[in-house]
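**Q** Mind looking over this structure? Questions follow.
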Amino acid sequence: MSKRVVASVLAFIMVMSSVSSPVMADETVERSESVETVETVETEETAETVESEVVEETVETEESVEESVEESTVETEISEENEEIEVEAQTFDSGVNDSIYYKDLDGRVHFPASEDLIDIRNVSGDQLVPGKYYYVQGDVTINSRLVAKQNGATNIILCDGAKLHANKGIGVIDNGNSDYGELVIWGQAQGTGKLIAKAPGDFAGIGGGFDSKNTDCGKVTVNGGHVQAYGADCGAGIGGANEHDGGVVVINGGKVEAYGGGEMYVFVPLGWADWAAAGIGGGDHGDGGEVRIYGGEVFAAGYGVPDAQAIAVSAAGIGGGDSGRGGNVFIYGGKVTARGGYKGAQCIGHGNDNGTSGDLHIEPNMCVKYEDSDDNLLYASANERVDKCRSKYQAIIEACTHIGETMNTDSIEGHTFTCNHCLTPGHNGEVHAHDYMDGTCIDCGFEAAIPGEFVDAAIMGYSLMLGNDIGVKYYVKMNSAVSGDPDTYVKFIYPDYSDKSVSISEATYDSATDCYIFELRIPAKQMSSLFYANVHCKDTILCSKTFSVRDYADYIYRTTTDANQKALVVAMLNYGAAAQKFFKYNCIRESSLANYYLSDEDKVVPELDASTLNYLKISYSTIRTKSKTPVLANMSLALESETQMRLYFEDNGGCPAFCYNGEMLKVTKNKGYNMITIDSPASQILRIRPIYINGEKNCDMISISPAYYIYLIQTDETASSDLKALTTALYWYAECSNLYAY
């Protein structure tokens, strides 16, 4: 029964009792550590460099000749060689309020221009203007309804520690005509800013309703902070007002708690009347709209009363209000708890008295847990995930950890992994070929009946390069005809379908395993990506294998008893994840990150303390005895499987000579500088390199370590948070590599 119908008979009946809407309790929802989304980074074939100014340390020596210690400005950059690009250190806009910033979906910090910043307390006429950033600092209370109804996105920044009490909620309006409001909510570094939106009348906490008009919801996007939204009598927590639809709701990160409003009255002699709205979605009698969840923690509760009341009133947690259709819901990541299910309403789907659920997409790598009639929390089977979100009172959707996964190892063709809770590729009975090392599969322990049995060639296993480069060694057994053919090679196929061929002449024969070893070095950002290895003889593929660095590293992480080896694997995977985030590579979902399988404790990368920074600071010094000696102007790191240090010297004419480790270095022209390059395996990144200029002794010299670049970035206030995180992870990877190697 709609609220309008009930209102027409209220004058003729007596209200015997009433049940008000649920207490708006501060239910705690733990915050997701990080959220990922797609962001495009434009690159060019000719690398572009943006330089940031830093201060150089000067050092004096005791040479008998008269020496001058050079003070100069060293400019920094970082590049990723496999793409032949240089990625700039991020700089912030000038002329802004330093305390007002927001953190984007990749953890980068942005400072809106001063002219676009408005204190939320200074909203003009309660109308939020598109393109502006309304910031909240301290404890702020607004007793009028804020409204975003003009075309274009309006932004609210919840500063850390701030709290906004929007006591009449926030209207984000779609009135079906020219007005279509969009609201984007941002958080800061700690994500502790909070918005509490409580709606009046028939309105949504955030969404439909302004002035005296009930409306559909426009578009609401939550990227960070902590949002609590409470619908009024008939309004959704986030979504539509009474008898109106949910619009578009996108949640990328932060914490979101949304409670649908409702009322239930018992009448004599007519019986009962009720109103119920969804947590996220439609108001009473409103449809669900579209909901997309990519990350964060989400709790959504539709209004309803227990079965014991024998009253048919309820709305979906996410979806339709009472009598409303479900709309379309897409869950790609994060953790989602949806509560509904009383008297015919679904957790995610339609409300009571409506049989149209709408579409529900749950990513294959996610599982569903639900409460049974005895309040036990159970796992849904992989093929019942959607059904349990429809039929149960409460459902929890989150990334599957494959608890209880079964493995079948009794086949020489390979082994299978079967997870009953999700549809993650590779965990649903697909056959995985054994990865043999010394005749035993490193994954399942299966022992080959006749180790080395093959026709022409067989990939017997692979191992991980540790301590220096990042890469994989493939062990291939061949008969004499194949190994003796000069046209035998292994073609490695990269994730972008480019390839690299390693010929038999480049392979190393290992007598202990009777195998030829083919090596492939892999960039840090691609540790979790799948590569393909095809063994060719002329144009014929003899055997194939897929692999990733992460898979083998995870095996070592789970099985090794060597503390230094485990620490190195942890540091390497954290470095890989940081590289993915910085280079915007395969980081949409947390499950794609290199360190995904590490424990939460091991994913934490320690900050560099003052003593470490001081140690890194003194890793660069110069000694000049000749005024025409080239001056170091710039340095960069190329993050391949190993780290490559590039030094750029001012071009003073002539052909300077640079000597390192007894060998002359090649000098190339690059952007008007003389550039030299020194390869730096991970275990040697912290080592200081003496480079002699125009001679080997009694001449000008530079002493520098690749780690000096880490110091420059860590002390550069304009460097982005992702770049600082990347160089911090690089330091620990270098430190652990050094301990493991030596």
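Chain lettering (A, B, ...) mirrors the order of the structure tokens, residue numbering begins at 1 for each chain separately, and ligand numbering begins at 1 in order of display.
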Name all residues at most 9 Å from Glu363 of chain A (count only C-alpha atoms; drop same-chain ones fewer than 2 positions away) and give them as a list in words.
**A** Phe330, Ile331, Tyr332, Gly333, His361, Asn365, Met366, Cys367, Ala399, Cys422, Leu423 and Thr424 of chain A
**Q** Please dump the current selection as a compact mmCIF listing (two decimals), in the first residue's frame; keep N, CA and C atoms.
**A**
# COMPACT_ATOMS: atom_id res chain seq x y z
N PHE A 330 26.41 -4.29 -9.67
CA PHE A 330 27.68 -4.86 -10.12
C PHE A 330 28.68 -4.75 -8.98
N ILE A 331 29.19 -5.88 -8.54
CA ILE A 331 30.16 -5.89 -7.43
C ILE A 331 31.48 -6.43 -7.96
N TYR A 332 32.45 -5.53 -8.06
CA TYR A 332 33.75 -5.87 -8.63
C TYR A 332 34.84 -6.04 -7.57
N GLY A 333 34.63 -5.52 -6.39
CA GLY A 333 35.67 -5.58 -5.36
C GLY A 333 35.15 -5.05 -4.05
N HIS A 361 25.75 -8.86 -10.82
CA HIS A 361 27.05 -9.39 -11.26
C HIS A 361 27.99 -9.41 -10.07
N ASN A 365 36.21 -13.87 -8.69
CA ASN A 365 37.14 -14.13 -7.58
C ASN A 365 36.52 -13.81 -6.22
N MET A 366 35.22 -13.53 -6.16
CA MET A 366 34.58 -13.17 -4.90
C MET A 366 33.68 -14.30 -4.42
N CYS A 367 33.57 -14.40 -3.11
CA CYS A 367 32.71 -15.41 -2.51
C CYS A 367 31.55 -14.73 -1.79
N ALA A 399 36.39 -10.79 -1.42
CA ALA A 399 37.36 -11.58 -2.18
C ALA A 399 37.54 -12.95 -1.54
N CYS A 422 33.96 -19.94 -5.18
CA CYS A 422 34.11 -18.87 -6.16
C CYS A 422 34.31 -19.47 -7.54
N LEU A 423 34.44 -18.58 -8.52
CA LEU A 423 34.65 -19.01 -9.90
C LEU A 423 35.96 -18.46 -10.43
N THR A 424 36.93 -18.25 -9.55
CA THR A 424 38.21 -17.71 -9.96
C THR A 424 38.88 -18.64 -10.97
**Q** Could you find all residues in segment 79-302 of chain A that DSSP calls helix (DSSP H, G or I) from the backbone, and write them as number ranges by chain?
**A** A: 81-83, 114-116, 120-122
**Q** Residues of the last selection are to be written out with N, CA, C and O atoms, as a PDB file, in the first residue's frame.
**A**
ATOM      1  N   GLU A  81      62.174   0.959 -18.310  1.00  0.00           N
ATOM      2  CA  GLU A  81      62.856   0.777 -19.579  1.00  0.00           C
ATOM      3  C   GLU A  81      62.075  -0.072 -20.565  1.00  0.00           C
ATOM      4  O   GLU A  81      62.106   0.161 -21.758  1.00  0.00           O
ATOM      5  N   ASN A  82      61.336  -1.062 -20.064  1.00  0.00           N
ATOM      6  CA  ASN A  82      60.704  -1.960 -21.019  1.00  0.00           C
ATOM      7  C   ASN A  82      59.652  -1.249 -21.861  1.00  0.00           C
ATOM      8  O   ASN A  82      59.286  -1.702 -22.915  1.00  0.00           O
ATOM      9  N   GLU A  83      59.138  -0.111 -21.408  1.00  0.00           N
ATOM     10  CA  GLU A  83      58.220   0.663 -22.216  1.00  0.00           C
ATOM     11  C   GLU A  83      58.897   1.868 -22.844  1.00  0.00           C
ATOM     12  O   GLU A  83      58.271   2.628 -23.565  1.00  0.00           O
ATOM     13  N   SER A 114      42.680  27.365  -5.391  1.00  0.00           N
ATOM     14  CA  SER A 114      42.042  28.141  -4.330  1.00  0.00           C
ATOM     15  C   SER A 114      40.667  28.654  -4.734  1.00  0.00           C
ATOM     16  O   SER A 114      39.728  28.673  -3.929  1.00  0.00           O
ATOM     17  N   GLU A 115      40.531  29.073  -5.997  1.00  0.00           N
ATOM     18  CA  GLU A 115      39.257  29.636  -6.420  1.00  0.00           C
ATOM     19  C   GLU A 115      38.138  28.596  -6.480  1.00  0.00           C
ATOM     20  O   GLU A 115      36.954  28.944  -6.560  1.00  0.00           O
ATOM     21  N   ASP A 116      38.509  27.299  -6.434  1.00  0.00           N
ATOM     22  CA  ASP A 116      37.502  26.243  -6.479  1.00  0.00           C
ATOM     23  C   ASP A 116      37.170  25.692  -5.097  1.00  0.00           C
ATOM     24  O   ASP A 116      36.300  24.824  -4.974  1.00  0.00           O
ATOM     25  N   ILE A 120      32.428  24.282   3.562  1.00  0.00           N
ATOM     26  CA  ILE A 120      31.070  23.757   3.492  1.00  0.00           C
ATOM     27  C   ILE A 120      30.088  24.623   4.271  1.00  0.00           C
ATOM     28  O   ILE A 120      28.894  24.663   3.970  1.00  0.00           O
ATOM     29  N   ARG A 121      30.590  25.383   5.251  1.00  0.00           N
ATOM     30  CA  ARG A 121      29.714  26.249   6.049  1.00  0.00           C
ATOM     31  C   ARG A 121      29.288  27.495   5.283  1.00  0.00           C
ATOM     32  O   ARG A 121      28.394  28.221   5.720  1.00  0.00           O
ATOM     33  N   ASN A 122      29.945  27.727   4.134  1.00  0.00           N
ATOM     34  CA  ASN A 122      29.660  28.936   3.367  1.00  0.00           C
ATOM     35  C   ASN A 122      28.879  28.646   2.085  1.00  0.00           C
ATOM     36  O   ASN A 122      28.953  29.409   1.124  1.00  0.00           O
TER      37      ASN A 122
END
**Q** Just list the residues in segment 544-709 of chain A DSSP gives strand (DSSP E or B) on the backbone, as a PyMOL selection string.
**A** chain A and resi 544-547+620-624+632-639+643-650+658-660+663-664+668-670+673-680+689-693+700-704
**Q** Which residues are close to Glu735 of chain A, i.e. within 12 Å by only C-alpha atoms, leaving aside same-chain residues fewer than 6 positions away? Reply as a ChimeraX atom specification.
**A** /A:467-468,564,567-572,575,608,612,681-687,707,728-729,741-742
**Q** Any chance you can output those residues with N, CA and C atoms as a JSON list (two decimals), in the first residue's frame?
**A**
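This is the output file result28.json:
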[["chain", "number", "residue", "atom", "x", "y", "z"],
["A", 467, "GLY", "N", 67.85, -12.23, -5.41],
["A", 467, "GLY", "CA", 69.06, -11.56, -4.98],
["A", 467, "GLY", "C", 69.58, -10.53, -5.94],
["A", 468, "ASN", "N", 69.34, -10.68, -7.23],
["A", 468, "ASN", "CA", 69.83, -9.71, -8.21],
["A", 468, "ASN", "C", 68.70, -9.28, -9.13],
["A", 564, "ASN", "N", 65.97, -15.24, 5.68],
["A", 564, "ASN", "CA", 66.42, -14.22, 4.73],
["A", 564, "ASN", "C", 65.75, -14.38, 3.37],
["A", 567, "ALA", "N", 62.17, -13.10, 3.74],
["A", 567, "ALA", "CA", 62.16, -11.63, 3.80],
["A", 567, "ALA", "C", 62.39, -11.04, 2.42],
["A", 568, "LEU", "N", 63.25, -11.66, 1.62],
["A", 568, "LEU", "CA", 63.51, -11.17, 0.26],
["A", 568, "LEU", "C", 62.27, -11.31, -0.61],
["A", 569, "VAL", "N", 61.60, -12.45, -0.53],
["A", 569, "VAL", "CA", 60.39, -12.65, -1.34],
["A", 569, "VAL", "C", 59.31, -11.64, -0.95],
["A", 570, "VAL", "N", 59.15, -11.40, 0.34],
["A", 570, "VAL", "CA", 58.17, -10.41, 0.80],
["A", 570, "VAL", "C", 58.50, -9.03, 0.25],
["A", 571, "ALA", "N", 59.77, -8.64, 0.37],
["A", 571, "ALA", "CA", 60.18, -7.31, -0.11],
["A", 571, "ALA", "C", 60.03, -7.20, -1.62],
["A", 572, "MET", "N", 60.35, -8.27, -2.33],
["A", 572, "MET", "CA", 60.24, -8.25, -3.79],
["A", 572, "MET", "C", 58.78, -8.11, -4.23],
["A", 575, "TYR", "N", 57.55, -4.65, -3.54],
["A", 575, "TYR", "CA", 58.13, -3.76, -4.56],
["A", 575, "TYR", "C", 57.35, -3.88, -5.87],
["A", 608, "LEU", "N", 61.04, 4.82, 5.94],
["A", 608, "LEU", "CA", 62.47, 5.01, 6.13],
["A", 608, "LEU", "C", 62.68, 6.06, 7.22],
["A", 612, "THR", "N", 68.28, 6.15, 8.38],
["A", 612, "THR", "CA", 68.39, 5.55, 7.04],
["A", 612, "THR", "C", 68.52, 6.63, 5.99],
["A", 681, "PRO", "N", 72.25, -4.60, -10.06],
["A", 681, "PRO", "CA", 71.43, -5.68, -9.50],
["A", 681, "PRO", "C", 70.91, -5.28, -8.13],
["A", 682, "ALA", "N", 69.81, -5.88, -7.73],
["A", 682, "ALA", "CA", 69.15, -5.48, -6.49],
["A", 682, "ALA", "C", 70.09, -5.53, -5.29],
["A", 683, "SER", "N", 70.94, -6.53, -5.23],
["A", 683, "SER", "CA", 71.83, -6.68, -4.07],
["A", 683, "SER", "C", 72.91, -5.61, -4.03],
["A", 684, "GLN", "N", 73.03, -4.81, -5.11],
["A", 684, "GLN", "CA", 74.09, -3.80, -5.17],
["A", 684, "GLN", "C", 73.55, -2.38, -5.28],
["A", 685, "ILE", "N", 72.26, -2.20, -5.10],
["A", 685, "ILE", "CA", 71.67, -0.87, -5.22],
["A", 685, "ILE", "C", 72.21, 0.07, -4.15],
["A", 686, "LEU", "N", 72.52, -0.44, -2.99],
["A", 686, "LEU", "CA", 72.98, 0.41, -1.89],
["A", 686, "LEU", "C", 74.48, 0.66, -1.94],
["A", 687, "ARG", "N", 75.19, 0.08, -2.90],
["A", 687, "ARG", "CA", 76.64, 0.25, -2.99],
["A", 687, "ARG", "C", 77.00, 1.58, -3.66],
["A", 707, "ALA", "N", 70.99, 4.35, -4.67],
["A", 707, "ALA", "CA", 70.13, 4.64, -3.52],
["A", 707, "ALA", "C", 70.02, 6.13, -3.23],
["A", 728, "THR", "N", 60.46, 3.61, -1.42],
["A", 728, "THR", "CA", 60.59, 2.94, -0.11],
["A", 728, "THR", "C", 60.64, 1.42, -0.29],
["A", 729, "ALA", "N", 59.75, 0.90, -1.11],
["A", 729, "ALA", "CA", 59.74, -0.54, -1.37],
["A", 729, "ALA", "C", 61.03, -0.97, -2.07],
["A", 741, "ALA", "N", 72.05, -12.26, -0.55],
["A", 741, "ALA", "CA", 73.16, -12.58, -1.46],
["A", 741, "ALA", "C", 74.49, -12.70, -0.73],
["A", 742, "TYR", "N", 74.64, -11.94, 0.35],
["A", 742, "TYR", "CA", 75.95, -11.90, 1.01],
["A", 742, "TYR", "C", 75.90, -12.35, 2.46]]
